[in-house]
Structure formats: C-alpha cells, structure tokens
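Source file: run05.txt; contents: compact mmCIF, C-alpha atoms.
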```txt
# COMPACT_ATOMS: atom_id res chain seq x y z
CA MET A 152 20.70 -14.30 -9.19
CA THR A 153 17.94 -13.36 -11.65
CA VAL A 154 15.98 -16.54 -10.87
CA ILE A 155 16.19 -15.79 -7.13
CA GLY A 156 14.87 -12.28 -7.80
CA PHE A 157 11.95 -13.67 -9.84
CA LEU A 158 11.04 -16.07 -7.03
CA ILE A 159 11.08 -13.25 -4.47
CA ILE A 160 8.85 -11.11 -6.75
CA LEU A 161 6.39 -14.03 -7.07
CA VAL A 162 6.16 -14.33 -3.26
CA GLY A 163 5.54 -10.55 -3.05
CA LEU A 164 2.70 -10.78 -5.61
CA PHE A 165 1.18 -13.59 -3.52
CA PHE A 166 1.20 -11.39 -0.40
CA MET A 167 -0.37 -8.50 -2.34
CA ALA A 168 -3.20 -10.82 -3.46
CA ILE A 169 -3.73 -11.83 0.20
CA SER A 170 -4.02 -8.15 1.16
CA ALA A 171 -6.66 -7.62 -1.55
CA VAL A 172 -8.68 -10.56 -0.18
CA GLY A 173 -8.45 -9.08 3.32
CA ALA A 174 -9.58 -5.66 2.09
CA ILE A 175 -12.83 -7.17 0.80
CA ARG A 176 -13.65 -9.90 3.29
CA LEU A 177 -12.88 -8.45 6.72
CA PRO A 178 -15.76 -6.86 8.65
CA ASP A 179 -14.32 -3.73 10.28
CA PHE A 180 -12.06 -0.74 9.71
CA TYR A 181 -9.46 -1.89 12.24
CA THR A 182 -9.23 -5.42 10.88
CA ARG A 183 -9.04 -4.05 7.33
CA CYS A 184 -6.15 -1.85 8.47
CA HIS A 185 -4.42 -4.99 9.73
CA ALA A 186 -4.80 -6.66 6.34
CA ILE A 187 -4.04 -3.67 4.13
CA SER A 188 -1.12 -2.15 6.01
CA ILE A 189 0.97 -5.05 7.27
CA VAL A 190 0.62 -7.56 4.45
CA ASP A 191 0.86 -4.80 1.86
CA THR A 192 4.13 -3.50 3.31
CA LEU A 193 5.59 -7.01 3.30
CA GLY A 194 4.59 -7.52 -0.35
CA SER A 195 6.09 -4.20 -1.41
CA LEU A 196 9.36 -4.94 0.37
CA LEU A 197 9.56 -8.38 -1.28
CA ILE A 198 8.89 -7.02 -4.80
CA LEU A 199 11.45 -4.22 -4.47
CA GLY A 200 14.01 -6.63 -2.96
CA GLY A 201 13.46 -8.99 -5.89
CA LEU A 202 14.10 -6.15 -8.34
CA ILE A 203 17.31 -5.29 -6.45
CA CYS A 204 18.38 -8.95 -6.77
CA CYS A 205 17.64 -8.83 -10.52
CA TYR A 206 19.67 -5.71 -11.29
CA GLY A 207 22.85 -6.11 -9.24
CA PHE A 208 24.63 -3.24 -7.55
CA SER A 209 24.51 0.22 -9.18
CA PHE A 210 23.20 3.73 -8.55
CA THR A 211 19.73 2.68 -9.74
CA THR A 212 19.71 -0.08 -7.14
CA ALA A 213 20.62 2.44 -4.46
CA LYS A 214 17.52 4.45 -5.38
CA LEU A 215 15.42 1.26 -5.27
CA LEU A 216 16.83 0.63 -1.78
CA PHE A 217 15.77 4.15 -0.82
CA ILE A 218 12.18 3.45 -1.94
CA LEU A 219 12.26 0.18 0.06
CA VAL A 220 13.36 1.91 3.28
CA PHE A 221 10.91 4.74 2.65
CA ILE A 222 7.90 2.38 2.27
CA TYR A 223 9.09 0.40 5.31
CA ILE A 224 8.95 3.56 7.44
CA ALA A 225 6.07 5.51 5.85
CA ASN A 226 3.33 2.91 5.36
CA PRO A 227 3.00 1.81 9.04
CA THR A 228 3.23 5.48 10.06
CA ILE A 229 0.24 6.42 7.88
CA THR A 230 -1.80 3.49 9.19
CA HIS A 231 -0.94 4.33 12.79
CA ILE A 232 -2.05 7.95 12.35
CA LEU A 233 -5.33 6.90 10.69
CA ILE A 234 -6.13 4.33 13.41
CA ARG A 235 -5.37 6.86 16.15
CA ALA A 236 -7.64 9.44 14.50
CA ALA A 237 -10.42 6.82 14.21
CA LEU A 238 -10.09 5.87 17.89
CA LYS A 239 -10.11 9.48 19.08
CA SER A 240 -13.17 10.34 17.00
CA GLY A 241 -15.12 7.45 18.50
CA HIS A 242 -15.17 4.83 15.75
CA GLN A 243 -16.62 1.67 17.33
CA PRO A 244 -14.74 -1.61 16.81
CA TRP A 245 -16.55 -4.75 15.63
CA THR A 246 -17.18 -7.47 18.23
CA GLN A 247 -19.05 -10.75 18.17
CA GLU A 248 -21.89 -9.46 20.33
CA LYS A 249 -22.64 -6.15 18.64
CA VAL A 250 -22.18 -5.05 15.07
CA PRO A 251 -21.82 -1.24 15.14
CA HIS A 252 -23.83 0.85 12.77
CA ASP A 253 -21.59 2.10 9.97
CA ARG A 254 -21.69 5.84 10.00
CA ASN A 255 -20.73 8.02 7.10
CA ASP A 256 -19.21 11.14 8.64
CA MET B 538 12.90 -11.30 -18.41
CA SER B 539 10.46 -8.88 -20.01
CA ALA B 540 7.61 -11.40 -20.10
CA PHE B 541 7.86 -11.97 -16.34
CA PHE B 542 7.57 -8.26 -15.66
CA TYR B 543 4.53 -8.19 -17.98
CA LEU B 544 2.89 -10.87 -15.80
CA ALA B 545 3.71 -8.93 -12.62
CA ILE B 546 2.21 -5.72 -14.09
CA GLY B 547 -0.95 -7.68 -14.96
CA VAL B 548 -1.32 -9.05 -11.43
CA ILE B 549 -0.87 -5.61 -9.82
CA ALA B 550 -3.34 -4.06 -12.28
CA LEU B 551 -5.89 -6.73 -11.31
CA ILE B 552 -5.36 -6.01 -7.59
CA ILE B 553 -5.83 -2.21 -7.80
CA PRO B 554 -9.65 -2.24 -8.57
CA VAL B 555 -10.25 -4.17 -5.32
CA PHE B 556 -8.84 -1.24 -3.36
CA LEU B 557 -10.80 1.13 -5.60
CA PHE B 558 -13.96 -0.72 -4.53
CA ARG B 559 -12.99 -0.19 -0.88
CA ALA B 560 -12.24 3.48 -1.52
CA VAL B 561 -15.58 4.13 -3.25
CA TYR B 562 -18.04 1.96 -1.26
CA GLY B 563 -16.25 2.05 2.11
CA PRO B 564 -18.84 2.58 4.86
CA SER B 565 -16.86 5.17 6.84
CA LEU B 566 -14.42 7.94 5.96
CA PHE B 567 -11.42 6.04 7.32
CA ASP B 568 -12.16 3.08 5.05
CA ARG B 569 -11.90 5.38 2.05
CA LEU B 570 -8.61 6.79 3.32
CA ILE B 571 -7.03 3.39 3.90
CA GLY B 572 -8.21 2.29 0.44
CA LEU B 573 -6.51 5.32 -1.10
CA ASN B 574 -3.31 4.45 0.80
CA GLY B 575 -3.43 0.93 -0.63
CA ILE B 576 -3.88 2.29 -4.15
CA ALA B 577 -0.87 4.61 -3.66
CA VAL B 578 1.46 1.80 -2.58
CA LYS B 579 0.32 -0.37 -5.50
CA THR B 580 0.96 2.57 -7.85
CA ILE B 581 4.56 2.94 -6.61
CA ILE B 582 5.20 -0.75 -7.25
CA LEU B 583 3.43 -0.56 -10.63
CA LEU B 584 5.60 2.38 -11.77
CA VAL B 585 8.82 0.57 -10.86
CA LEU B 586 7.63 -2.59 -12.66
CA ILE B 587 6.66 -0.61 -15.79
CA GLY B 588 10.15 0.92 -15.78
CA ALA B 589 11.71 -2.55 -15.55
CA TYR B 590 9.50 -3.74 -18.44
CA ASN B 591 10.53 -0.80 -20.67
CA HIS B 592 14.28 -1.01 -19.79
CA GLN B 593 14.01 2.57 -18.56
CA ILE B 594 14.03 2.04 -14.81
CA ASP B 595 16.13 5.17 -14.05
CA MET B 596 13.37 7.56 -15.08
CA PHE B 597 10.42 5.72 -13.49
CA ILE B 598 12.17 5.36 -10.10
CA ASP B 599 12.30 9.15 -9.69
CA ILE B 600 8.58 9.43 -10.51
CA SER B 601 7.71 6.77 -7.94
CA ILE B 602 9.84 8.49 -5.26
CA GLY B 603 7.84 11.70 -5.84
CA TYR B 604 4.55 9.79 -5.70
CA GLY B 605 5.51 8.18 -2.40
CA LEU B 606 6.47 11.49 -0.81
CA LEU B 607 3.18 13.09 -1.90
CA ASN B 608 1.22 10.13 -0.49
CA LEU B 609 3.00 10.42 2.88
CA VAL B 610 2.41 14.17 3.20
CA GLY B 611 -1.24 14.02 2.10
CA SER B 612 -2.23 11.10 4.32
CA ILE B 613 -0.53 12.55 7.40
CA ALA B 614 -2.20 15.93 6.80
CA VAL B 615 -5.68 14.40 6.53
CA GLY B 616 -5.11 12.14 9.55
CA LYS B 617 -3.90 14.93 11.80
CA TYR B 618 -6.80 17.14 10.68
CA LEU B 619 -9.36 14.48 11.61
CA GLU B 620 -7.65 13.91 14.96
CA LYS B 621 -7.65 17.62 15.87
CA ARG B 622 -11.27 17.97 14.78
CA ALA B 623 -12.25 15.14 17.12
CA LEU B 624 -10.59 16.84 20.10
CA LYS B 625 -12.73 19.99 19.73
CA PRO B 626 -16.26 19.98 21.25
```
Can you present the structure in this file as structure tokens?
Amino acid sequence: MTVIGFLIILVGLFFMAISAVGAIRLPDFYTRCHAISIVDTLGSLLILGGLICCYGFSFTTAKLLFILVFIYIANPTITHILIRAALKSGHQPWTQEKVPHDRND
Amino acid sequence: MSAFFYLAIGVIALIIPVFLFRAVYGPSLFDRLIGLNGIAVKTIILLVLIGAYNHQIDMFIDISIGYGLLNLVGSIAVGKYLEKRALKP
C-alpha cells in the first residue's frame, strides 16, 4: 500500500511541474488560468490521495480527506470568480491576429 | 519513507518560485492574483508534506486547513470587489 501511495505522489509532482511550465510559457491570462487551476487541482488531489494511501484509515486520514474535498471545491471556484471579474472588467483575450496590450490596472 | 518525503518537499520548493515570478512580474492584476492562488495551494501541500517528514502530521494538517480557508475567503473577496468595481461607471 505504501508503494502505491508513493507512485501516486510521484504522478502528482509531475502534474505540478506541468502547471509550473504552463504558468511561464502560456501567452495570456485566460490560458494561464487553464494551466494553473486545472492541472494544479489534479496534482494536489493526487498528492493528498497518495498520503491517504500511505497512512491507512484513521482520524488523521479523515482530516486529509477533508482537505482533499476542500481543494477540489475551492480551487475551481476561485479561478471561476477571477475569470468572471476579468471578463466583466474588459480584459482582452489573446488571439492569433491581435496581441492585446498588457495593461497594468 | 522519510527520504521520499524529503524529495517531494524539494520538488515543491523548486516549483514555488515559478509562481512567485508570475505574481511579481505578471503584466495585469489578475495574473498576480492567480499566481498568489497557485502559491497558496503549493503551500498547503508543502505543509502536509513537512508534517509527514517530521512524523507530526496531526499538527500540520490543522495549520494547512486554516491556510486553505484564509486563501478561499481572501481570493473571493478580492474577486468580487473587482467585479463590482467594473460594473460601476
């Protein structure tokens, strides 16, 4: 069971590294949100699930499960609210024809 | 078991400065906010992993629960403020 947990934690670290690459390389706020939010949530869930596999069932594991469910609900919610605020305040998305001027409001 | 958690802590600590770069040099305000959100999630995971490395995971889990709740409340407050400000003329 411990070896399975270690393998799941390794996969989660891989996804977190992918999200870091996306945070640097992508050109726009919306695409960066795609990389940071979704892949980051998947990596967090995999790392916490691997820790749950390592420790077996106890009260500590129940609290780890609470953090897992909390991140699974809260992280997409935060990203959704930030993207909606950006759209309503007129943040221009990046397209192939025009590269919008980055404003610092 | 402890050496593996040491490696995981090292990888997460190498990933956090990337998001710090995005939070400091991000061209717009929303880039900084999403960078801060990334740092907060990494910090929750880092706290749990440090607890597993020290064989003291009971204490560090409570700290990371508090950090996650503060991150949720702060980010939602800032996001709703920016949205309401955009609706006004």
* Within 10 Å of Tyr206 in chain A, counting all atoms listed in the file, which residues show up once you throw out same-chain ones fewer than 6 positions away? Write them as a PyMOL selection string, please. => (chain A and resi 152-153+156+212) or (chain B and resi 589)
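A search radius of 9 Å centred on (-5.1, 2.2, -1.5), applied to all atoms listed in the file, returns the residues Ile187 of chain A; Ile553, Phe556, Leu557, Arg559, Ala560, Arg569, Leu570, Ile571, Gly572, Leu573, Asn574, Gly575, Ile576, Ala577, Val578, Lys579 and Thr580 of chain B.
Distance annotation: of B:Ala614, B:Ala550, B:Ile600, B:Leu609, the residue with the minimal separation from chain A is B:Leu609; atom set is all atoms listed in the file.
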* **Neighbours of chain A in chain B at 9 Å, counting only C-alpha atoms, as number ranges by chain** => B: 538, 541, 545, 548-549, 552-553, 555-556, 558-559, 563-568, 570-572, 574-575, 578-579, 581-582, 585-586, 589, 594-595, 598-599, 601-602, 605-606, 609, 612-613, 615-624
Edge lengths and centre in Å to one decimal, as lines of an AutoDock Vina configuration file, is what I'm after for the box along x, y and z that holds all listed atoms of range 209-219 of chain A once 4 Å is added on each side.
```
center_x = 18.3
center_y = 2.2
center_z = -4.8
size_x = 20.3
size_y = 12.5
size_z = 17.8
```
* Write out as a list of chain:residue names each polymer residue whose atoms come within 9 Å of Ser539 in chain B, counting all atoms listed in the file; drop sequence neighbours fewer than 2 positions from it. => B:Phe541, B:Phe542, B:Tyr543, B:Leu544, B:Ala589, B:Tyr590, B:Asn591, B:His592
Output for the residues just chosen: C-alpha atoms as a PDB file, in the coordinates of the input:
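What follows is the written file selection_30.pdb:
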```pdb
ATOM      1  CA  PHE B 541       7.860 -11.970 -16.340  1.00  0.00           C
ATOM      2  CA  PHE B 542       7.570  -8.260 -15.660  1.00  0.00           C
ATOM      3  CA  TYR B 543       4.530  -8.190 -17.980  1.00  0.00           C
ATOM      4  CA  LEU B 544       2.890 -10.870 -15.800  1.00  0.00           C
ATOM      5  CA  ALA B 589      11.710  -2.550 -15.550  1.00  0.00           C
ATOM      6  CA  TYR B 590       9.500  -3.740 -18.440  1.00  0.00           C
ATOM      7  CA  ASN B 591      10.530  -0.800 -20.670  1.00  0.00           C
ATOM      8  CA  HIS B 592      14.280  -1.010 -19.790  1.00  0.00           C
TER       9      HIS B 592
END
```
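Here CA of Pro227 in chain A is placed at a distance of 7.4 Å from CA of Ile189 in chain A.
In this model, the gap between CA of Val162 in chain A and CA of Gly200 in chain A comes to 11.0 Å.
For the atom pair formed by CA of Cys204 in chain A and CA of Leu551 in chain B, the distance is 24.8 Å, given to one decimal.
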